[in-house]
Amino acid sequence: MATNNDVWAVVETDTHGKPKKLGLELASLAVQTAAQYGGQAAAIVFGPREAAETVGQYGPSTVYYCDDPAYKTDIVGPASAVIASLIVQHSPRLVLLPSTSLGKDWAGRLCGKLGLGIEADVIELSMEGGKAKIISPAFNGALRVTSGFTREGEQTGLLLVRPGAGTVRRAEGTSANVQQVSVPAGVKPGQTVVESVAAQGGVPDLAGAQVIVAGGRGLGSADKFSLATDLANLFGGAVGATRAVVDNGWIPYAYQVGQTGKTVRPKLYIAIGISGEIQHKVGMQTSGTIVAINKDPNAPIFQFCDLGVVGDLHQVVPALIEEIKKRKGLA
Amino acid sequence: MNIVVCMKAVPDTTADKQLAADGTLDRASLPVIINPWDEYAIEEALRIRESGAAPGEIILLCMGPDSSTETIRKGLAMGADRAVLVTDPALHGSDYLATARVLAEALRKTPFDLALFGSQSTDAGGGVIYNIVAELLGLPAITWLNEIEVVGDKVRGKRGSDTGYDVVEAPLPAIASVTQTANEPRYPSLPGIMKAKKKEIVTMALADLGINANEVGLAGAATVVEGSQRPQSARARQIIKAEDPAATALAIADFLESKKLI
């Protein structure tokens, strides 16, 4: 059962029905990789036709879309059945899925259904000797592992791709063939949503944030977390936190960066009052630029930052907020 | 009503890790801990039982080398009743599918109503195993749960969404995976540790599960590791001492501007 040379991207949409940025990154990466293989790129969009047309502007020759509401009530069963049936019909060489909780759920189901190999947490995809060369972190980022599929070309390979592995690139003068696909009959229940609840104040988009200001125990109290929030707002960024801060109840778990929280990779990570224990480090060490402010000169975070400020955050951060306001013409 | 918690021994977060020439990890030579995510799964299983919703046994299921026994004892000391360790030299180098097949076959031999997993591990970290297991067993799976409860013959939980959270639900038997919840996994008590020494750990090999050795391990893997490197930390580690807040703020802002970050 040989595959062809096509590379596909699976695209999630947001609550407004627009393709998520990671989905567009995957579509662009699929276009680029398919060209190297001499194959075609396609995308599977879960969302409305408009979202599929938007994805089409990034260069895939075919965009399948599924807007059957069934994929929203059962968030795993129908979507994975749609992807599986398209894979069986067309045998693409590689399928790129978002490395999100939902993308991982789908990939697991596809692997179980079709017996396919999965490469998870992919941060780089290139081609070497006609085969995919995949780089991903292992052991919480202590190692960078190079790997590939043993049966590439014989069976479809699934890749869970992290933000930043692909660059969003609009294609000129191409037009995609947009096709609606439906959920196959007789799908077994996967994961049924019985109620959706909107959080007060929304949910942080740590994965998509260009700037994250994270606070640790050094903030001292819950009300001081506003220092992190105010600084993050100046950059249009998000706030993050250490486990200690979450355990203290200063901020919800959704903001936690680290071993048992989120792994992030913003352009700028500002750590305030964070000592930088390994459990936190593994969640943020691949960030672009790391700035740390901590009063303890021996804090481990000073070993892996670009700029370290030894001092009292309660004096430095307010002064920094004022200085940045000035430079942005806000004060 | 029985709960099986699937757990894994992983290298200690602080241990120095290197891959062998075949791209696998020499697990036997490293200090290991319970995968931190799995501790939450064990804690949740104990809480579900303590809530009265699931009277019955709590069984730990682990695949790994013999050295995993030490970490299994910790789970038993927390309060699980007994454990199953699937261990076989042929499993060395197994990929996600092979691992899930082993767990699925072991689960078929261990009657359960709920199989709980940590949502990912700190070594490979894929976060895909429980959905593969669910698919192989034809069961629903509710995953990435921040809260979980058993209500009658259903398992229900809260899963983070783009706007807040979704309440997800599945009829039992089912698979579920948890994240770090608001509560701390308990430390084993001294009596708990003493009792754990006497608790049963049953060992199974591939033959007991009816799986062929050539379908698992390095031989059966759909993915192969070709090499590994330590990421180079090329960070400047420029350290400044904050004497005067305004002057320090100026220096930080200058630095950010030099990197085009303002």
# chains A, B, ... in the order shown; residues from 1 in each chain; ligands from 1

$ select_by_dssp --residues "region 17-251 of chain B" --states "strand (DSSP E or B)" --output "PyMOL selection string"
chain B and resi 19+25+32-34+58-63+82-86+114-118+141-151+154-160+164-171+174-178+201-204+223-229+238-241

$ write_last_selection --atoms "C-alpha atoms" --output "PDB file, in the first residue's frame"
ATOM      1  CA  LEU B  19      20.745   8.033  24.008  1.00  0.00           C
ATOM      2  CA  LEU B  25      17.348   5.315  26.199  1.00  0.00           C
ATOM      3  CA  VAL B  32      13.759   6.853  37.646  1.00  0.00           C
ATOM      4  CA  ILE B  33      10.658   8.497  39.099  1.00  0.00           C
ATOM      5  CA  ILE B  34       6.945   8.040  38.446  1.00  0.00           C
ATOM      6  CA  ILE B  58      -7.182   0.404  42.149  1.00  0.00           C
ATOM      7  CA  ILE B  59      -4.646  -1.407  39.994  1.00  0.00           C
ATOM      8  CA  LEU B  60      -1.456   0.086  38.576  1.00  0.00           C
ATOM      9  CA  LEU B  61      -0.410  -0.991  35.076  1.00  0.00           C
ATOM     10  CA  CYS B  62       3.123  -0.288  33.946  1.00  0.00           C
ATOM     11  CA  MET B  63       5.197  -1.284  30.929  1.00  0.00           C
ATOM     12  CA  ARG B  82      -1.881  -4.066  43.407  1.00  0.00           C
ATOM     13  CA  ALA B  83       0.085  -3.721  40.200  1.00  0.00           C
ATOM     14  CA  VAL B  84       0.804  -5.354  36.872  1.00  0.00           C
ATOM     15  CA  LEU B  85       4.215  -4.848  35.264  1.00  0.00           C
ATOM     16  CA  VAL B  86       4.601  -5.828  31.634  1.00  0.00           C
ATOM     17  CA  LEU B 114     -12.136   3.270  34.231  1.00  0.00           C
ATOM     18  CA  ALA B 115      -8.551   3.354  32.945  1.00  0.00           C
ATOM     19  CA  LEU B 116      -6.768   6.550  33.968  1.00  0.00           C
ATOM     20  CA  PHE B 117      -3.633   8.015  32.397  1.00  0.00           C
ATOM     21  CA  GLY B 118      -1.460  11.070  32.966  1.00  0.00           C
ATOM     22  CA  ALA B 141     -11.782   8.553  25.974  1.00  0.00           C
ATOM     23  CA  ILE B 142     -12.116  11.873  27.774  1.00  0.00           C
ATOM     24  CA  THR B 143      -8.750  13.569  27.969  1.00  0.00           C
ATOM     25  CA  TRP B 144      -6.642  16.473  29.254  1.00  0.00           C
ATOM     26  CA  LEU B 145      -8.991  16.780  32.243  1.00  0.00           C
ATOM     27  CA  ASN B 146      -8.408  19.387  34.926  1.00  0.00           C
ATOM     28  CA  GLU B 147     -11.157  17.855  37.044  1.00  0.00           C
ATOM     29  CA  ILE B 148     -12.708  14.417  36.967  1.00  0.00           C
ATOM     30  CA  GLU B 149     -15.554  12.634  38.750  1.00  0.00           C
ATOM     31  CA  VAL B 150     -17.471   9.397  38.434  1.00  0.00           C
ATOM     32  CA  VAL B 151     -21.238   9.930  38.519  1.00  0.00           C
ATOM     33  CA  LYS B 154     -20.476   7.748  33.741  1.00  0.00           C
ATOM     34  CA  VAL B 155     -17.155   9.524  33.998  1.00  0.00           C
ATOM     35  CA  ARG B 156     -17.211  13.272  33.568  1.00  0.00           C
ATOM     36  CA  GLY B 157     -14.537  15.931  33.553  1.00  0.00           C
ATOM     37  CA  LYS B 158     -13.541  19.474  32.686  1.00  0.00           C
ATOM     38  CA  ARG B 159     -11.193  20.019  29.792  1.00  0.00           C
ATOM     39  CA  GLY B 160      -9.704  23.421  28.920  1.00  0.00           C
ATOM     40  CA  GLY B 164     -12.992  28.417  29.051  1.00  0.00           C
ATOM     41  CA  TYR B 165     -13.676  24.781  29.538  1.00  0.00           C
ATOM     42  CA  ASP B 166     -15.774  21.949  28.122  1.00  0.00           C
ATOM     43  CA  VAL B 167     -17.558  19.445  30.305  1.00  0.00           C
ATOM     44  CA  VAL B 168     -16.908  16.086  28.638  1.00  0.00           C
ATOM     45  CA  GLU B 169     -18.515  12.802  29.501  1.00  0.00           C
ATOM     46  CA  ALA B 170     -18.362   9.119  28.640  1.00  0.00           C
ATOM     47  CA  PRO B 171     -20.272   6.031  29.713  1.00  0.00           C
ATOM     48  CA  ALA B 174     -13.963   4.375  29.484  1.00  0.00           C
ATOM     49  CA  ILE B 175     -10.472   5.800  29.235  1.00  0.00           C
ATOM     50  CA  ALA B 176      -9.568   9.155  30.794  1.00  0.00           C
ATOM     51  CA  SER B 177      -6.439  11.276  31.063  1.00  0.00           C
ATOM     52  CA  VAL B 178      -5.775  13.968  33.649  1.00  0.00           C
ATOM     53  CA  ILE B 201       3.137  -6.889  41.611  1.00  0.00           C
ATOM     54  CA  VAL B 202       2.297  -9.400  38.896  1.00  0.00           C
ATOM     55  CA  THR B 203       4.782  -9.555  36.048  1.00  0.00           C
ATOM     56  CA  MET B 204       3.656 -10.320  32.506  1.00  0.00           C
ATOM     57  CA  THR B 223       9.546   5.517  13.703  1.00  0.00           C
ATOM     58  CA  VAL B 224      13.280   5.453  14.243  1.00  0.00           C
ATOM     59  CA  VAL B 225      15.614   7.766  16.108  1.00  0.00           C
ATOM     60  CA  GLU B 226      18.686   8.595  14.032  1.00  0.00           C
ATOM     61  CA  GLY B 227      20.604  10.744  16.449  1.00  0.00           C
ATOM     62  CA  SER B 228      20.453  13.206  19.266  1.00  0.00           C
ATOM     63  CA  GLN B 229      22.224  16.296  20.423  1.00  0.00           C
ATOM     64  CA  GLN B 238      24.487  39.315  30.515  1.00  0.00           C
ATOM     65  CA  ILE B 239      23.899  40.109  34.190  1.00  0.00           C
ATOM     66  CA  ILE B 240      23.222  43.556  35.574  1.00  0.00           C
ATOM     67  CA  LYS B 241      22.801  44.553  39.180  1.00  0.00           C
TER      68      LYS B 241
END

$ residues_around --residues "region 163-171 of chain A" --least-positions-apart "2" --cutoff "9 Å" --atoms "only C-alpha atoms" --output "ChimeraX atom specification"
/A:21-22,24-30,56-60,98-99,122-125,161,173-175,207-208,264-265

$ write_last_selection --atoms "N, CA and C atoms" --output "short mmCIF file (atom, residue, chain, number, x, y, z; two decimals), in the first residue's frame"
data_model
loop_
_atom_site.label_atom_id
_atom_site.label_comp_id
_atom_site.auth_asym_id
_atom_site.auth_seq_id
_atom_site.Cartn_x
_atom_site.Cartn_y
_atom_site.Cartn_z
N LYS A 21 -3.85 30.15 13.65
CA LYS A 21 -2.54 30.48 13.08
C LYS A 21 -1.69 29.22 12.90
N LEU A 22 -1.72 28.33 13.88
CA LEU A 22 -0.92 27.10 13.76
C LEU A 22 -1.36 26.31 12.52
N LEU A 24 -2.47 27.56 9.72
CA LEU A 24 -1.90 28.21 8.53
C LEU A 24 -0.41 27.89 8.42
N GLU A 25 0.26 27.81 9.58
CA GLU A 25 1.68 27.41 9.57
C GLU A 25 1.81 26.00 8.97
N LEU A 26 0.91 25.10 9.37
CA LEU A 26 0.97 23.73 8.87
C LEU A 26 0.67 23.68 7.38
N ALA A 27 -0.31 24.48 6.93
CA ALA A 27 -0.65 24.51 5.51
C ALA A 27 0.56 24.97 4.70
N SER A 28 1.23 26.05 5.18
CA SER A 28 2.41 26.56 4.47
C SER A 28 3.53 25.52 4.47
N LEU A 29 3.71 24.85 5.61
CA LEU A 29 4.76 23.84 5.71
C LEU A 29 4.45 22.65 4.80
N ALA A 30 3.17 22.30 4.68
CA ALA A 30 2.77 21.20 3.80
C ALA A 30 3.07 21.55 2.35
N GLY A 56 -6.99 28.03 1.46
CA GLY A 56 -6.64 27.87 0.05
C GLY A 56 -5.69 28.94 -0.45
N GLN A 57 -5.70 30.12 0.20
CA GLN A 57 -4.82 31.21 -0.23
C GLN A 57 -3.36 30.95 0.13
N TYR A 58 -3.10 29.89 0.87
CA TYR A 58 -1.73 29.61 1.30
C TYR A 58 -1.08 28.52 0.45
N GLY A 59 -1.76 28.11 -0.62
CA GLY A 59 -1.09 27.29 -1.62
C GLY A 59 -1.44 25.82 -1.77
N PRO A 60 -2.23 25.20 -0.88
CA PRO A 60 -2.54 23.79 -1.13
C PRO A 60 -3.41 23.66 -2.38
N PRO A 98 -1.84 19.61 14.18
CA PRO A 98 -1.37 20.56 15.20
C PRO A 98 -0.99 19.84 16.48
N SER A 99 0.13 20.23 17.08
CA SER A 99 0.56 19.61 18.33
C SER A 99 -0.17 20.30 19.49
N VAL A 122 7.04 17.92 16.91
CA VAL A 122 7.99 18.23 15.83
C VAL A 122 8.29 19.74 15.83
N ILE A 123 9.59 20.09 15.90
CA ILE A 123 9.94 21.51 15.83
C ILE A 123 10.64 21.86 14.51
N GLU A 124 11.11 20.85 13.78
CA GLU A 124 11.68 21.10 12.45
C GLU A 124 11.37 19.93 11.55
N LEU A 125 11.00 20.24 10.30
CA LEU A 125 10.77 19.19 9.31
C LEU A 125 11.54 19.60 8.05
N VAL A 161 2.89 18.77 14.93
CA VAL A 161 3.83 19.85 14.69
C VAL A 161 3.56 21.02 15.63
N GLY A 173 -1.15 33.63 -6.97
CA GLY A 173 -1.63 33.06 -8.23
C GLY A 173 -1.97 31.58 -8.20
N THR A 174 -2.32 31.03 -7.04
CA THR A 174 -2.77 29.65 -7.02
C THR A 174 -4.24 29.65 -6.64
N SER A 175 -4.93 28.61 -7.03
CA SER A 175 -6.30 28.51 -6.54
C SER A 175 -6.55 27.07 -6.11
N ALA A 207 0.28 29.53 23.67
CA ALA A 207 0.96 28.95 22.52
C ALA A 207 1.15 29.99 21.42
N GLY A 208 0.19 30.90 21.27
CA GLY A 208 0.24 31.85 20.17
C GLY A 208 0.91 33.18 20.56
N VAL A 264 6.06 26.63 26.10
CA VAL A 264 5.86 27.83 25.29
C VAL A 264 7.15 28.22 24.57
N ARG A 265 6.99 29.01 23.52
CA ARG A 265 8.15 29.44 22.72
C ARG A 265 7.90 30.83 22.15
#

$ atom_distance --atom1 "CA of Phe46 (chain A)" --atom2 "CA of Asn5 (chain A)"
23.3 Å

$ closest_residue --among "A:Ala331, A:Lys262, A:Val145, A:Gln315" --to "Gln18 (chain B)" --atoms "only C-alpha atoms"
A:Val145

$ interface_residues --of "chain A" --to "chain B" --cutoff "6 Å" --atoms "only C-alpha atoms" --output "NGL selection string"
:A and (104-105 or 108-109 or 112 or 117 or 120 or 138-140 or 143-150 or 189-199 or 202-203 or 305-311 or 315-316 or 319-320)

$ atom_distance --atom1 "CA of Glu215 (chain B)" --atom2 "CA of Arg151 (chain A)"
13.7 Å

$ select_by_dssp --residues "region 56-251 of chain A" --states "helix (DSSP H, G or I)" --output "number ranges by chain"
A: 56, 70-73, 77-90, 101-114, 217-219, 222-234, 243-247

$ closest_residue --among "A:Leu160, A:Gln303, A:Glu128, A:Ala292" --to "Ile278 (chain A)" --atoms "only C-alpha atoms"
A:Gln303

$ atom_distance --atom1 "CA of Asn2 (chain B)" --atom2 "CA of Ala196 (chain B)"
18.7 Å

$ closest_residue --among "A:Asp121, A:Asp68, A:Glu154, A:Asp230" --to "Glu322 (chain A)" --atoms "only C-alpha atoms"
A:Asp230
